[in-house]
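Shown next, in structure tokens, is the structure this report addresses.
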Amino acid sequence: MATHALEVEHTTALALQEKGKLIKSLRRFDMVFFTVCAFVGLDTLGTVANKGPEGFFWLVVLAVVFVAPYMLLIAEVGAAFTQEGGPYEWTKLAFGRLHGGIAAILYWVTNPLWVGGSLAFIAADAWTANISKIGIATVGDYFFKIVFIWISIGVAIASLRYGKWIPNFGAILRAVVLGFFSLTVVIYGFKHGASGFQWAHLSPTRAIFFGLVPLLLFNYVGFELQNGAAEEMENPQRDVPLSILRSGITGVLMYVVPIFCILLVLPAKAITNIGGFIDAVTLTFHGVYGGAAHALLIGMTLCFIGAVVTSGAVWMIGSDRIQAVAAYDGAFFPYFGVFNRKLGTPVRVNVMSGITSTVFCVAAISLLKNSSTSAAFTVVLDIAISTTLISYLWIFPAALKLRYSHPHVHRPYVHPWGMAGIWVSTIMVTFWIVLGSWVAVFPDTLERLFGVGYGFKGSWGVSQGTFEGLTLGTLAIIVVVGVVGYWFGTAVRRQTVDVPLEAEGAPAVT
């Protein structure tokens with residue numbers, strides 16, 4: 001009993017006050033759909049397919065060597081440490097508040113950048129391609145993307161009791177879109193033949209490996225997001241492992257099947273980064289449905305945009321909570337640690353996300369309006385990738401560290417291969433994250449080291465100086481804001497409260 005008494009979380013009085021506003025509403029059903037919606041992003045299907053059969057090869061390989069150990073790792077830590085704000089709490093318990101605060105802001109800021117960057121860009125491109133021309137850097141372009149952003153924010157602001165149905169709908173929408181597309185491809189193949197999956201191009205090369213790994217890793221993260229709302233789950237200790245298993249298998253299939261279909265239907269030169277999925281839909285629909293193709297294509301495009309909106313919304317729901325938890329725990333500006341009493345949502349962080357996303361979107365359009373749409377899309381996506389992946393440099397090792405620092409916390413699910421298994425899983429996923437982070441932030445360094453030919457301007461559409469200025473400048477600003485926010489949380493941290501980590505424990509004020 002004496003040992004168990006040491007297993008406590010050092011939190012704050014503000015945290016206990018705000019936790020009282022949380023409402024349990026997430027069931028296992030909701031958690032599976034929530035995670036599928038977070039895990040499966042339709043915005044990058046074209047970019048992966050653009051790399052041809054080799055892109056498909058790495059998609060499958062990483063499902064085995066990254067997704068599988070990742071699932072096992074998060075299933076254990078997510079079922080054992082069920083505090084609101086999951087990834088922040090795990091990092092804080094393992095390495096301290098400052099580390100938790102930096103990891104949280106990197107994890108959070110990814111999503112405003114992603115929504116205001118690649119998601120808004122690809123939604124506008126799909127609308128332009130099949131519904132109505134918008135143009136680049138026009139009034140309509142700004143209007144469309146800003147409205148897109150604030151729809152996602154509105155979903156995050158809504159009470160989770162009702163807002164959760166948007167991610168649920170998003171997961172169903174993905175199944176409908178990808179399932180109908182895959183069926184259409186089969187019909188198209190019978191009627192017209194297909195360009196064929198070029199098996200000869202399946203062999204891996206260093207160039208595609210370095211260019212594609214960050215994107216694939218970005219596709220394959222999100223299992224921990226549901227733990228951002230852990231204290232709003234009905235039974236996280238029981239449901240987290242099962243929801244991860246089911247959503248992981250479903251999510252991988254939702255990537256593998258449509259990308260394989262795109263490669264079957266479109267010749268490699270016709271698959272573009274930004275429009276690959278919609279290109280394949282357009283080709284197959286016109287080849288199968290005749291006079292009804294146009295109406296069906298409009299419907300599919302609207303469903304595609306709806307699925308993209310729900311991607312942004314679900315990540316805002318989870319990551320905004322993580323940032324709010326860091327704030328009420330004294331690791332960020334305390335102002336943002338307040339949950340709305342009526343809605344039970346971190347409205348102040350939600351609004352901050354919307355403003356950040358809007359500013360980033362406007363800046364991206366303005367700064368890159370002389371580049372092609374594809375170049376702008378690629379750069380803003382890479383910035384989002386870099387912040388996401390870097391945050392996992394804390395999150396994944398924290399799962400291993402907690403095995404040693406908090407051994408007596410009850411673990412309803414443990415890694416099936418024991419301590420050796422959790423070590424291997426941590427090393428594997430951390431290796432991939434280090435590689436992906438480096439390539440995302442410093443492209444053309446490993447390529448040069450390994451003798452891979454690389455034309456920076458040709459690959460990105462902007463100069464290396466512009467690229468590094470955008471990426472490193474963004475990262476520097478994020479870290480500075482995180483450190484300043486931590487300093488502002490000093491007074492909150494002084495109001496210390498110790499809470500037993502076991503679910504049945506009661507808080508003891510010190």
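FYI, nothing fancy with the structure tokens labels: chains A, B, ... in order, residues from 1 per chain, ligands from 1 as they appear.
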Tell me which protein, DNA and RNA residues are within 9 Å of Pro397 in chain A, counting only C-alpha atoms, leaving out same-chain ones fewer than 5 positions away, and put them as a PDB file with N, CA, C and O atoms, in the first residue's frame.
ATOM      1  N   THR A  91       3.411  12.486 -21.211  1.00  0.00           N
ATOM      2  CA  THR A  91       4.722  13.135 -21.325  1.00  0.00           C
ATOM      3  C   THR A  91       5.085  13.843 -20.034  1.00  0.00           C
ATOM      4  O   THR A  91       6.236  13.795 -19.573  1.00  0.00           O
ATOM      5  N   ALA A  94       6.104  11.330 -17.402  1.00  0.00           N
ATOM      6  CA  ALA A  94       7.380  10.686 -17.713  1.00  0.00           C
ATOM      7  C   ALA A  94       8.559  11.641 -17.624  1.00  0.00           C
ATOM      8  O   ALA A  94       9.627  11.282 -17.106  1.00  0.00           O
ATOM      9  N   TYR A 392       5.800  13.516 -31.377  1.00  0.00           N
ATOM     10  CA  TYR A 392       5.867  12.098 -31.004  1.00  0.00           C
ATOM     11  C   TYR A 392       7.246  11.708 -30.474  1.00  0.00           C
ATOM     12  O   TYR A 392       7.399  10.617 -29.916  1.00  0.00           O
ATOM     13  N   LEU A 402       7.119   5.290 -18.543  1.00  0.00           N
ATOM     14  CA  LEU A 402       6.103   5.094 -17.515  1.00  0.00           C
ATOM     15  C   LEU A 402       6.102   3.671 -16.969  1.00  0.00           C
ATOM     16  O   LEU A 402       5.662   3.441 -15.834  1.00  0.00           O
ATOM     17  N   THR A 426       8.854   0.604 -28.828  1.00  0.00           N
ATOM     18  CA  THR A 426       9.259   2.004 -28.654  1.00  0.00           C
ATOM     19  C   THR A 426      10.410   2.366 -29.572  1.00  0.00           C
ATOM     20  O   THR A 426      10.417   3.432 -30.209  1.00  0.00           O
ATOM     21  N   ILE A 427      11.402   1.482 -29.654  1.00  0.00           N
ATOM     22  CA  ILE A 427      12.559   1.753 -30.524  1.00  0.00           C
ATOM     23  C   ILE A 427      12.121   1.831 -31.984  1.00  0.00           C
ATOM     24  O   ILE A 427      12.545   2.730 -32.728  1.00  0.00           O
ATOM     25  N   THR A 430       9.893   5.055 -32.594  1.00  0.00           N
ATOM     26  CA  THR A 430      10.693   6.271 -32.406  1.00  0.00           C
ATOM     27  C   THR A 430      11.694   6.437 -33.541  1.00  0.00           C
ATOM     28  O   THR A 430      11.939   7.559 -34.021  1.00  0.00           O
TER      29      THR A 430
END
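Atom pair CA of Ser425 in chain A / CA of Pro241 in chain A: separated by 15.8 Å.
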- Message: Applying 12 Å and only C-alpha atoms, which residues near Gln464 in chain A remain after dropping the ones on its own chain fewer than 5 positions away? List them as a list in words.
- Response: Val379, Val441, Phe442, Pro443, Asp444, Thr445, Tyr454, Gly455, Phe456, Lys457, Gly458, Ser459, Gly469, Leu470, Thr471 and Leu472 of chain A
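You can rank A:Gly78, A:Gly20, A:Gly85, A:Gly421 by their closest distance to Gly228 in chain A using only C-alpha atoms, and at the top of that list sits A:Gly85.
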